[in-house]
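So this one's data_7.tsv, TSV, N, CA and C atoms:
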chain	number	residue	atom	x	y	z
P	1	MET	N	0.84	-1.18	0.00
P	1	MET	CA	0.00	0.00	0.00
P	1	MET	C	0.89	1.24	0.00
P	2	LEU	N	0.69	2.11	-0.95
P	2	LEU	CA	1.45	3.35	-1.05
P	2	LEU	C	0.83	4.43	-0.17
P	3	LYS	N	1.69	5.26	0.40
P	3	LYS	CA	1.21	6.36	1.23
P	3	LYS	C	1.74	7.67	0.64
P	4	ARG	N	0.84	8.61	0.41
P	4	ARG	CA	1.25	9.92	-0.13
P	4	ARG	C	1.86	10.78	0.96
P	5	GLY	N	2.81	11.57	0.56
P	5	GLY	CA	3.46	12.47	1.49
P	5	GLY	C	4.39	13.41	0.75
P	6	PHE	N	5.42	13.87	1.45
P	6	PHE	CA	6.38	14.82	0.88
P	6	PHE	C	7.78	14.43	1.32
P	7	TRP	N	8.72	14.49	0.39
P	7	TRP	CA	10.12	14.26	0.69
P	7	TRP	C	10.77	15.63	0.83
P	8	CYS	N	11.33	15.90	1.99
P	8	CYS	CA	11.90	17.20	2.31
P	8	CYS	C	13.42	17.07	2.46
P	9	GLU	N	14.13	18.02	1.92
P	9	GLU	CA	15.59	18.01	2.03
P	9	GLU	C	16.08	19.42	2.37
P	10	CYS	N	17.20	19.47	3.05
P	10	CYS	CA	17.89	20.74	3.32
P	10	CYS	C	19.29	20.62	2.73
P	11	TRP	N	19.61	21.54	1.84
P	11	TRP	CA	20.91	21.56	1.17
P	11	TRP	C	21.66	22.83	1.54
P	12	THR	N	22.98	22.73	1.63
P	12	THR	CA	23.80	23.92	1.82
P	12	THR	C	24.77	24.02	0.65
P	13	GLU	N	25.08	25.25	0.30
P	13	GLU	CA	25.99	25.49	-0.82
P	13	GLU	C	26.88	26.67	-0.47
P	14	ASP	N	28.20	26.48	-0.57
P	14	ASP	CA	29.15	27.55	-0.35
P	14	ASP	C	29.33	28.27	-1.68
P	15	LEU	N	28.79	29.46	-1.78
P	15	LEU	CA	28.81	30.21	-3.04
P	15	LEU	C	30.20	30.71	-3.40
P	16	ALA	N	31.06	30.92	-2.41
P	16	ALA	CA	32.42	31.40	-2.67
P	16	ALA	C	33.30	30.28	-3.22
P	17	GLU	N	33.09	29.07	-2.79
P	17	GLU	CA	33.92	27.94	-3.21
P	17	GLU	C	33.47	27.33	-4.52
P	18	ARG	N	32.27	27.64	-4.95
P	18	ARG	CA	31.71	27.10	-6.18
P	18	ARG	C	31.77	25.57	-6.22
P	19	GLN	N	31.43	24.98	-5.10
P	19	GLN	CA	31.34	23.52	-5.02
P	19	GLN	C	29.87	23.13	-5.10
P	20	PRO	N	29.61	21.88	-5.45
P	20	PRO	CA	28.20	21.45	-5.53
P	20	PRO	C	27.54	21.50	-4.16
P	21	PRO	N	26.23	21.67	-4.13
P	21	PRO	CA	25.51	21.69	-2.85
P	21	PRO	C	25.70	20.36	-2.10
P	22	ALA	N	25.60	20.43	-0.77
P	22	ALA	CA	25.73	19.25	0.08
P	22	ALA	C	24.41	19.03	0.81
P	23	LEU	N	23.97	17.79	0.84
P	23	LEU	CA	22.75	17.45	1.56
P	23	LEU	C	23.04	17.50	3.06
P	24	LEU	N	22.26	18.31	3.77
P	24	LEU	CA	22.46	18.47	5.21
P	24	LEU	C	21.48	17.61	6.00
P	25	ALA	N	20.24	17.52	5.53
P	25	ALA	CA	19.22	16.76	6.26
P	25	ALA	C	18.09	16.39	5.31
P	26	SER	N	17.34	15.36	5.69
P	26	SER	CA	16.16	14.99	4.93
P	26	SER	C	15.08	14.54	5.91
P	27	PHE	N	13.84	14.57	5.42
P	27	PHE	CA	12.70	14.30	6.30
P	27	PHE	C	11.54	13.81	5.46
P	28	ASP	N	10.85	12.80	5.94
P	28	ASP	CA	9.64	12.34	5.25
P	28	ASP	C	8.43	12.86	6.00
P	29	ALA	N	7.64	13.68	5.32
P	29	ALA	CA	6.44	14.28	5.90
P	29	ALA	C	5.22	13.62	5.28
P	30	TYR	N	4.20	13.43	6.08
P	30	TYR	CA	3.01	12.75	5.59
P	30	TYR	C	1.83	13.70	5.38
P	31	SER	N	2.08	15.01	5.48
P	31	SER	CA	1.04	16.00	5.20
P	31	SER	C	1.72	17.31	4.83
P	32	ALA	N	0.98	18.18	4.14
P	32	ALA	CA	1.50	19.50	3.79
P	32	ALA	C	1.86	20.30	5.04
P	33	PRO	N	1.00	20.34	6.07
P	33	PRO	CA	1.37	21.08	7.28
P	33	PRO	C	2.65	20.55	7.94
P	34	GLN	N	2.82	19.24	7.96
P	34	GLN	CA	4.02	18.67	8.56
P	34	GLN	C	5.26	19.08	7.77
P	35	ALA	N	5.16	19.11	6.45
P	35	ALA	CA	6.29	19.49	5.61
P	35	ALA	C	6.68	20.95	5.82
P	36	ASP	N	5.71	21.84	5.80
P	36	ASP	CA	6.09	23.25	5.96
P	36	ASP	C	6.48	23.57	7.39
P	37	ARG	N	6.00	22.80	8.37
P	37	ARG	CA	6.46	23.00	9.77
P	37	ARG	C	7.92	22.62	9.92
P	38	TRP	N	8.38	21.63	9.14
P	38	TRP	CA	9.78	21.24	9.21
P	38	TRP	C	10.67	22.41	8.79
P	39	VAL	N	10.30	23.07	7.70
P	39	VAL	CA	11.07	24.23	7.24
P	39	VAL	C	10.93	25.37	8.25
P	40	SER	N	9.72	25.61	8.71
P	40	SER	CA	9.47	26.68	9.66
P	40	SER	C	10.29	26.51	10.94
P	41	ALA	N	10.30	25.30	11.47
P	41	ALA	CA	11.07	25.04	12.71
P	41	ALA	C	12.55	25.28	12.48
P	42	ALA	N	13.05	24.87	11.33
P	42	ALA	CA	14.47	25.08	11.03
P	42	ALA	C	14.78	26.58	10.92
P	43	LEU	N	13.94	27.33	10.21
P	43	LEU	CA	14.18	28.76	10.06
P	43	LEU	C	14.09	29.50	11.39
P	44	CYS	N	13.11	29.15	12.20
P	44	CYS	CA	13.00	29.79	13.52
P	44	CYS	C	14.21	29.48	14.39
P	45	THR	N	14.72	28.27	14.26
P	45	THR	CA	15.87	27.86	15.07
P	45	THR	C	17.15	28.58	14.67
P	46	ILE	N	17.39	28.71	13.36
P	46	ILE	CA	18.65	29.30	12.92
P	46	ILE	C	18.60	30.81	12.75
P	47	SER	N	17.42	31.41	12.70
P	47	SER	CA	17.32	32.85	12.40
P	47	SER	C	18.15	33.74	13.33
P	48	PRO	N	18.26	33.45	14.65
P	48	PRO	CA	19.09	34.32	15.48
P	48	PRO	C	20.58	34.33	15.08
P	49	ALA	N	21.04	33.28	14.42
P	49	ALA	CA	22.44	33.20	14.04
P	49	ALA	C	22.71	33.75	12.63
P	50	LEU	N	21.66	34.09	11.90
P	50	LEU	CA	21.82	34.58	10.53
P	50	LEU	C	22.17	36.06	10.51
P	51	ASP	N	22.84	36.49	9.43
P	51	ASP	CA	23.08	37.92	9.28
P	51	ASP	C	21.74	38.61	9.00
P	52	ALA	N	21.75	39.93	9.02
P	52	ALA	CA	20.50	40.69	8.94
P	52	ALA	C	19.70	40.39	7.67
P	53	ASP	N	20.39	40.32	6.52
P	53	ASP	CA	19.67	40.05	5.27
P	53	ASP	C	19.06	38.66	5.26
P	54	ALA	N	19.82	37.67	5.69
P	54	ALA	CA	19.31	36.30	5.72
P	54	ALA	C	18.16	36.17	6.72
P	55	SER	N	18.29	36.83	7.85
P	55	SER	CA	17.22	36.81	8.84
P	55	SER	C	15.94	37.43	8.26
P	56	ASP	N	16.11	38.53	7.53
P	56	ASP	CA	14.95	39.15	6.88
P	56	ASP	C	14.30	38.20	5.87
P	57	GLU	N	15.14	37.47	5.09
P	57	GLU	CA	14.61	36.47	4.14
P	57	GLU	C	13.80	35.41	4.88
P	58	ALA	N	14.37	34.93	5.98
P	58	ALA	CA	13.71	33.88	6.76
P	58	ALA	C	12.37	34.36	7.29
P	59	TRP	N	12.35	35.53	7.89
P	59	TRP	CA	11.11	36.02	8.48
P	59	TRP	C	10.10	36.44	7.42
P	60	GLU	N	10.57	36.86	6.25
P	60	GLU	CA	9.63	37.17	5.16
P	60	GLU	C	8.90	35.89	4.74
P	61	TRP	N	9.65	34.77	4.63
P	61	TRP	CA	8.97	33.52	4.28
P	61	TRP	C	8.02	33.11	5.40
P	62	LEU	N	8.46	33.21	6.64
P	62	LEU	CA	7.63	32.79	7.77
P	62	LEU	C	6.33	33.59	7.85
P	63	TYR	N	6.40	34.90	7.59
P	63	TYR	CA	5.21	35.75	7.74
P	63	TYR	C	4.44	36.01	6.46
P	64	GLU	N	5.12	35.99	5.31
P	64	GLU	CA	4.45	36.36	4.07
P	64	GLU	C	4.27	35.19	3.10
P	65	ASP	N	5.33	34.42	2.90
P	65	ASP	CA	5.33	33.42	1.82
P	65	ASP	C	4.95	32.01	2.27
P	66	ARG	N	4.94	31.78	3.54
P	66	ARG	CA	4.65	30.42	4.03
P	66	ARG	C	3.27	29.95	3.59
P	67	ILE	N	2.29	30.83	3.58
P	67	ILE	CA	0.94	30.44	3.19
P	67	ILE	C	0.91	29.99	1.73
P	68	GLU	N	1.69	30.66	0.87
P	68	GLU	CA	1.76	30.25	-0.54
P	68	GLU	C	2.43	28.88	-0.67
P	69	THR	N	3.43	28.63	0.15
P	69	THR	CA	4.07	27.32	0.16
P	69	THR	C	3.07	26.26	0.56
P	70	ARG	N	2.31	26.52	1.62
P	70	ARG	CA	1.31	25.56	2.08
P	70	ARG	C	0.27	25.29	1.01
P	71	ARG	N	-0.19	26.34	0.34
P	71	ARG	CA	-1.18	26.16	-0.73
P	71	ARG	C	-0.62	25.32	-1.88
P	72	ALA	N	0.63	25.58	-2.24
P	72	ALA	CA	1.26	24.80	-3.31
P	72	ALA	C	1.39	23.33	-2.90
P	73	LEU	N	1.75	23.08	-1.66
P	73	LEU	CA	1.87	21.71	-1.19
P	73	LEU	C	0.51	21.00	-1.20
P	74	LEU	N	-0.53	21.73	-0.83
P	74	LEU	CA	-1.87	21.14	-0.86
P	74	LEU	C	-2.30	20.78	-2.28
P	75	ARG	N	-1.72	21.47	-3.27
P	75	ARG	CA	-1.96	21.14	-4.68
P	75	ARG	C	-0.96	20.09	-5.17
P	76	ALA	N	-0.14	19.57	-4.25
P	76	ALA	CA	0.89	18.56	-4.56
P	76	ALA	C	1.95	19.09	-5.52
P	77	GLU	N	2.32	20.37	-5.35
P	77	GLU	CA	3.36	20.98	-6.16
P	77	GLU	C	4.65	21.06	-5.35
P	78	PRO	N	5.80	20.89	-5.97
P	78	PRO	CA	7.07	21.01	-5.24
P	78	PRO	C	7.33	22.46	-4.85
P	79	CYS	N	8.07	22.64	-3.77
P	79	CYS	CA	8.38	23.98	-3.26
P	79	CYS	C	9.84	24.07	-2.85
P	80	THR	N	10.35	25.29	-2.90
P	80	THR	CA	11.73	25.55	-2.48
P	80	THR	C	11.74	26.82	-1.64
P	81	VAL	N	12.50	26.78	-0.56
P	81	VAL	CA	12.70	27.94	0.31
P	81	VAL	C	14.20	28.10	0.49
P	82	SER	N	14.73	29.31	0.25
P	82	SER	CA	16.17	29.53	0.37
P	82	SER	C	16.46	30.81	1.15
P	83	VAL	N	17.56	30.77	1.88
P	83	VAL	CA	18.12	31.97	2.50
P	83	VAL	C	19.62	31.94	2.24
P	84	THR	N	20.22	33.12	2.11
P	84	THR	CA	21.66	33.21	1.88
P	84	THR	C	22.28	33.98	3.03
P	85	HIS	N	23.16	33.30	3.74
P	85	HIS	CA	23.88	33.87	4.89
P	85	HIS	C	25.35	33.95	4.50
P	86	ALA	N	25.87	35.17	4.44
P	86	ALA	CA	27.25	35.41	4.00
P	86	ALA	C	27.43	34.72	2.64
P	87	SER	N	28.32	33.74	2.55
P	87	SER	CA	28.53	33.05	1.27
P	87	SER	C	27.88	31.67	1.24
P	88	THR	N	26.98	31.42	2.17
P	88	THR	CA	26.32	30.11	2.24
P	88	THR	C	24.83	30.24	1.91
P	89	ARG	N	24.39	29.46	0.93
P	89	ARG	CA	22.98	29.39	0.61
P	89	ARG	C	22.42	28.11	1.24
P	90	ILE	N	21.33	28.26	1.98
P	90	ILE	CA	20.64	27.12	2.58
P	90	ILE	C	19.30	27.00	1.86
P	91	THR	N	19.04	25.82	1.33
P	91	THR	CA	17.83	25.61	0.54
P	91	THR	C	17.08	24.39	1.06
P	92	TRP	N	15.80	24.59	1.31
P	92	TRP	CA	14.90	23.49	1.69
P	92	TRP	C	14.05	23.18	0.46
P	93	THR	N	13.97	21.92	0.10
P	93	THR	CA	13.11	21.49	-0.99
P	93	THR	C	12.06	20.54	-0.43
P	94	ILE	N	10.86	20.67	-0.97
P	94	ILE	CA	9.75	19.80	-0.56
P	94	ILE	C	9.10	19.30	-1.85
P	95	ARG	N	9.06	17.98	-2.00
P	95	ARG	CA	8.49	17.40	-3.21
P	95	ARG	C	7.45	16.35	-2.84
P	96	PRO	N	6.35	16.30	-3.58
P	96	PRO	CA	5.38	15.22	-3.35
P	96	PRO	C	6.07	13.88	-3.56
P	97	ALA	N	5.66	12.90	-2.77
P	97	ALA	CA	6.28	11.57	-2.86
P	97	ALA	C	5.24	10.50	-2.54
P	98	LEU	N	5.52	9.32	-3.02
P	98	LEU	CA	4.76	8.13	-2.64
P	98	LEU	C	5.72	7.26	-1.83
P	99	PHE	N	5.31	6.93	-0.61
P	99	PHE	CA	6.16	6.13	0.26
P	99	PHE	C	5.72	4.68	0.23
P	100	LEU	N	6.68	3.80	0.09
P	100	LEU	CA	6.42	2.37	0.13
P	100	LEU	C	6.57	1.89	1.56
P	101	PRO	N	5.70	1.00	2.02
P	101	PRO	CA	5.88	0.48	3.38
P	101	PRO	C	7.10	-0.43	3.42
P	102	LEU	N	7.80	-0.40	4.53
P	102	LEU	CA	8.95	-1.27	4.71
P	102	LEU	C	8.48	-2.59	5.31
P	103	ALA	N	9.17	-3.63	4.98
P	103	ALA	CA	8.84	-4.94	5.54
P	103	ALA	C	9.25	-4.97	7.01
P	104	HIS	N	8.39	-5.49	7.85
P	104	HIS	CA	8.71	-5.63	9.26
P	104	HIS	C	9.59	-6.84	9.47
P	105	ARG	N	10.47	-6.78	10.44
P	105	ARG	CA	11.35	-7.90	10.72
P	105	ARG	C	10.68	-8.92	11.63
P	106	GLN	N	9.55	-8.58	12.21
P	106	GLN	CA	8.86	-9.53	13.06
P	106	GLN	C	8.38	-10.69	12.20
P	107	GLY	N	8.61	-11.88	12.70
P	107	GLY	CA	8.18	-13.06	11.97
P	107	GLY	C	9.17	-13.48	10.90
P	108	ALA	N	10.16	-12.65	10.62
P	108	ALA	CA	11.17	-13.01	9.63
P	108	ALA	C	12.36	-13.61	10.36
P	109	GLU	N	12.96	-14.57	9.76
P	109	GLU	CA	14.11	-15.20	10.40
P	109	GLU	C	15.36	-14.40	10.08
P	110	LEU	N	16.11	-14.06	11.10
P	110	LEU	CA	17.36	-13.33	10.92
P	110	LEU	C	18.45	-14.31	10.50
P	111	PRO	N	19.48	-13.81	9.84
P	111	PRO	CA	20.59	-14.70	9.47
P	111	PRO	C	21.28	-15.23	10.73
P	112	PRO	N	21.92	-16.40	10.65
P	112	PRO	CA	22.56	-16.99	11.83
P	112	PRO	C	23.57	-16.07	12.52
P	113	CYS	N	24.26	-15.22	11.77
P	113	CYS	CA	25.27	-14.36	12.37
P	113	CYS	C	24.66	-13.33	13.33
P	114	ALA	N	23.37	-13.03	13.21
P	114	ALA	CA	22.72	-12.05	14.08
P	114	ALA	C	22.75	-12.49	15.54
P	115	ASN	N	22.74	-13.79	15.79
P	115	ASN	CA	22.76	-14.29	17.16
P	115	ASN	C	24.16	-14.35	17.74
P	116	GLU	N	25.18	-14.15	16.91
P	116	GLU	CA	26.56	-14.19	17.38
P	116	GLU	C	27.00	-12.87	17.99
P	117	PHE	N	26.28	-11.80	17.74
P	117	PHE	CA	26.66	-10.48	18.27
P	117	PHE	C	26.39	-10.43	19.75
P	118	LYS	N	27.40	-10.03	20.51
P	118	LYS	CA	27.26	-9.87	21.97
P	118	LYS	C	27.68	-8.43	22.31
P	119	PRO	N	26.78	-7.64	22.88
P	119	PRO	CA	27.15	-6.27	23.25
P	119	PRO	C	28.26	-6.26	24.29
P	120	ARG	N	29.16	-5.29	24.17
P	120	ARG	CA	30.26	-5.15	25.13
P	120	ARG	C	29.88	-4.13	26.19
P	121	SER	N	30.42	-4.33	27.35
P	121	SER	CA	30.24	-3.37	28.42
P	121	SER	C	31.12	-2.16	28.14
P	122	THR	N	30.67	-0.97	28.47
P	122	THR	CA	31.47	0.24	28.26
P	122	THR	C	32.37	0.54	29.43
P	123	GLU	N	32.31	-0.28	30.46
P	123	GLU	CA	33.13	-0.02	31.66
P	123	GLU	C	34.51	-0.56	31.52
With the file now loaded, output its structure as structure tokens.
Amino acid sequence: MLKRGFWCECWTEDLAERQPPALLASFDAYSAPQADRWVSAALCTISPALDADASDEAWEWLYEDRIETRRALLRAEPCTVSVTHASTRITWTIRPALFLPLAHRQGAELPPCANEFKPRSTE
């Protein structure tokens, strides 16, 4: 059974170094509100550390553009939110996705080597 949702990613890019973007985090959201809250929580968390221009970008999205992002997600459209702090661009992407259920390990037989593992004491 497929489950609809959104695949969310956070990428960082050093604009001065001209290197490809690096994936910083990813998140599977099962609703439009959950997806935009992920971006919102990240922006609220980092905004005090951003320079003035980047902080303004973050708060503009939070207060002005977030509703448009939510509407686009409800229409199952991909969205992008970016802020640029000094020479670093941080970009959140949200794309509609279909999630496949994972097989549960209950009732499945583990390979024989699984029983050979013995946890060590940390003392």
Going by DSSP on the backbone, which residues of stretch 62-106 of chain P come out as alpha helix (DSSP H)? List them as a ChimeraX atom specification. /P:66-74
Could you dump the residues just selected with N, CA and C atoms as an mmCIF file, keeping the file's coordinate frame?
data_model
loop_
_atom_site.group_PDB
_atom_site.id
_atom_site.type_symbol
_atom_site.label_atom_id
_atom_site.label_comp_id
_atom_site.auth_asym_id
_atom_site.auth_seq_id
_atom_site.Cartn_x
_atom_site.Cartn_y
_atom_site.Cartn_z
ATOM 1 N N ARG P 66 4.940 31.780 3.540
ATOM 2 C CA ARG P 66 4.650 30.420 4.030
ATOM 3 C C ARG P 66 3.270 29.950 3.590
ATOM 4 N N ILE P 67 2.290 30.830 3.580
ATOM 5 C CA ILE P 67 0.940 30.440 3.190
ATOM 6 C C ILE P 67 0.910 29.990 1.730
ATOM 7 N N GLU P 68 1.690 30.660 0.870
ATOM 8 C CA GLU P 68 1.760 30.250 -0.540
ATOM 9 C C GLU P 68 2.430 28.880 -0.670
ATOM 10 N N THR P 69 3.430 28.630 0.150
ATOM 11 C CA THR P 69 4.070 27.320 0.160
ATOM 12 C C THR P 69 3.070 26.260 0.560
ATOM 13 N N ARG P 70 2.310 26.520 1.620
ATOM 14 C CA ARG P 70 1.310 25.560 2.080
ATOM 15 C C ARG P 70 0.270 25.290 1.010
ATOM 16 N N ARG P 71 -0.190 26.340 0.340
ATOM 17 C CA ARG P 71 -1.180 26.160 -0.730
ATOM 18 C C ARG P 71 -0.620 25.320 -1.880
ATOM 19 N N ALA P 72 0.630 25.580 -2.240
ATOM 20 C CA ALA P 72 1.260 24.800 -3.310
ATOM 21 C C ALA P 72 1.390 23.330 -2.900
ATOM 22 N N LEU P 73 1.750 23.080 -1.660
ATOM 23 C CA LEU P 73 1.870 21.710 -1.190
ATOM 24 C C LEU P 73 0.510 21.000 -1.200
ATOM 25 N N LEU P 74 -0.530 21.730 -0.830
ATOM 26 C CA LEU P 74 -1.870 21.140 -0.860
ATOM 27 C C LEU P 74 -2.300 20.780 -2.280
#
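Distance check against P:Ser82 using only C-alpha atoms: of P:Phe27, P:Trp38, P:Trp7, P:Trp61, the minimum falls on P:Trp61.
Interatomic distance, atom CA of P:Asp36 to atom N of P:Ala54: 19.9 Å.
Reported to one decimal place, the separation of atom CA of P:Val83 from atom N of P:Glu57 is 6.8 Å.
The gap separating atom N of P:Glu9 from atom C of P:Ser87 is 19.4 Å, in Å to one decimal.
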Please produce stretch 43-56 of chain P, completed to N, CA, C and O atoms, as a PDB file, keeping the file's coordinate frame.
ATOM      1  N   LEU P  43      13.940  27.330  10.210  1.00  0.00           N
ATOM      2  CA  LEU P  43      14.180  28.760  10.060  1.00  0.00           C
ATOM      3  C   LEU P  43      14.090  29.500  11.390  1.00  0.00           C
ATOM      4  O   LEU P  43      14.905  30.380  11.679  1.00  0.00           O
ATOM      5  N   CYS P  44      13.110  29.150  12.200  1.00  0.00           N
ATOM      6  CA  CYS P  44      13.000  29.790  13.520  1.00  0.00           C
ATOM      7  C   CYS P  44      14.210  29.480  14.390  1.00  0.00           C
ATOM      8  O   CYS P  44      14.666  30.331  15.160  1.00  0.00           O
ATOM      9  N   THR P  45      14.720  28.270  14.260  1.00  0.00           N
ATOM     10  CA  THR P  45      15.870  27.860  15.070  1.00  0.00           C
ATOM     11  C   THR P  45      17.150  28.580  14.670  1.00  0.00           C
ATOM     12  O   THR P  45      17.909  29.028  15.519  1.00  0.00           O
ATOM     13  N   ILE P  46      17.390  28.710  13.360  1.00  0.00           N
ATOM     14  CA  ILE P  46      18.650  29.300  12.920  1.00  0.00           C
ATOM     15  C   ILE P  46      18.600  30.810  12.750  1.00  0.00           C
ATOM     16  O   ILE P  46      19.649  31.449  12.676  1.00  0.00           O
ATOM     17  N   SER P  47      17.420  31.410  12.700  1.00  0.00           N
ATOM     18  CA  SER P  47      17.320  32.850  12.400  1.00  0.00           C
ATOM     19  C   SER P  47      18.150  33.740  13.330  1.00  0.00           C
ATOM     20  O   SER P  47      18.723  34.725  12.858  1.00  0.00           O
ATOM     21  N   PRO P  48      18.260  33.450  14.650  1.00  0.00           N
ATOM     22  CA  PRO P  48      19.090  34.320  15.480  1.00  0.00           C
ATOM     23  C   PRO P  48      20.580  34.330  15.080  1.00  0.00           C
ATOM     24  O   PRO P  48      21.287  35.293  15.362  1.00  0.00           O
ATOM     25  N   ALA P  49      21.040  33.280  14.420  1.00  0.00           N
ATOM     26  CA  ALA P  49      22.440  33.200  14.040  1.00  0.00           C
ATOM     27  C   ALA P  49      22.710  33.750  12.630  1.00  0.00           C
ATOM     28  O   ALA P  49      23.869  33.870  12.228  1.00  0.00           O
ATOM     29  N   LEU P  50      21.660  34.090  11.900  1.00  0.00           N
ATOM     30  CA  LEU P  50      21.820  34.580  10.530  1.00  0.00           C
ATOM     31  C   LEU P  50      22.170  36.060  10.510  1.00  0.00           C
ATOM     32  O   LEU P  50      21.819  36.807  11.429  1.00  0.00           O
ATOM     33  N   ASP P  51      22.840  36.490   9.430  1.00  0.00           N
ATOM     34  CA  ASP P  51      23.080  37.920   9.280  1.00  0.00           C
ATOM     35  C   ASP P  51      21.740  38.610   9.000  1.00  0.00           C
ATOM     36  O   ASP P  51      20.719  37.952   8.797  1.00  0.00           O
ATOM     37  N   ALA P  52      21.750  39.930   9.020  1.00  0.00           N
ATOM     38  CA  ALA P  52      20.500  40.690   8.940  1.00  0.00           C
ATOM     39  C   ALA P  52      19.700  40.390   7.670  1.00  0.00           C
ATOM     40  O   ALA P  52      18.484  40.197   7.723  1.00  0.00           O
ATOM     41  N   ASP P  53      20.390  40.320   6.520  1.00  0.00           N
ATOM     42  CA  ASP P  53      19.670  40.050   5.270  1.00  0.00           C
ATOM     43  C   ASP P  53      19.060  38.660   5.260  1.00  0.00           C
ATOM     44  O   ASP P  53      17.911  38.480   4.851  1.00  0.00           O
ATOM     45  N   ALA P  54      19.820  37.670   5.690  1.00  0.00           N
ATOM     46  CA  ALA P  54      19.310  36.300   5.720  1.00  0.00           C
ATOM     47  C   ALA P  54      18.160  36.170   6.720  1.00  0.00           C
ATOM     48  O   ALA P  54      17.180  35.482   6.462  1.00  0.00           O
ATOM     49  N   SER P  55      18.290  36.830   7.850  1.00  0.00           N
ATOM     50  CA  SER P  55      17.220  36.810   8.840  1.00  0.00           C
ATOM     51  C   SER P  55      15.940  37.430   8.260  1.00  0.00           C
ATOM     52  O   SER P  55      14.847  36.905   8.466  1.00  0.00           O
ATOM     53  N   ASP P  56      16.110  38.530   7.530  1.00  0.00           N
ATOM     54  CA  ASP P  56      14.950  39.150   6.880  1.00  0.00           C
ATOM     55  C   ASP P  56      14.300  38.200   5.870  1.00  0.00           C
ATOM     56  O   ASP P  56      13.077  38.104   5.792  1.00  0.00           O
TER      57      ASP P  56
END
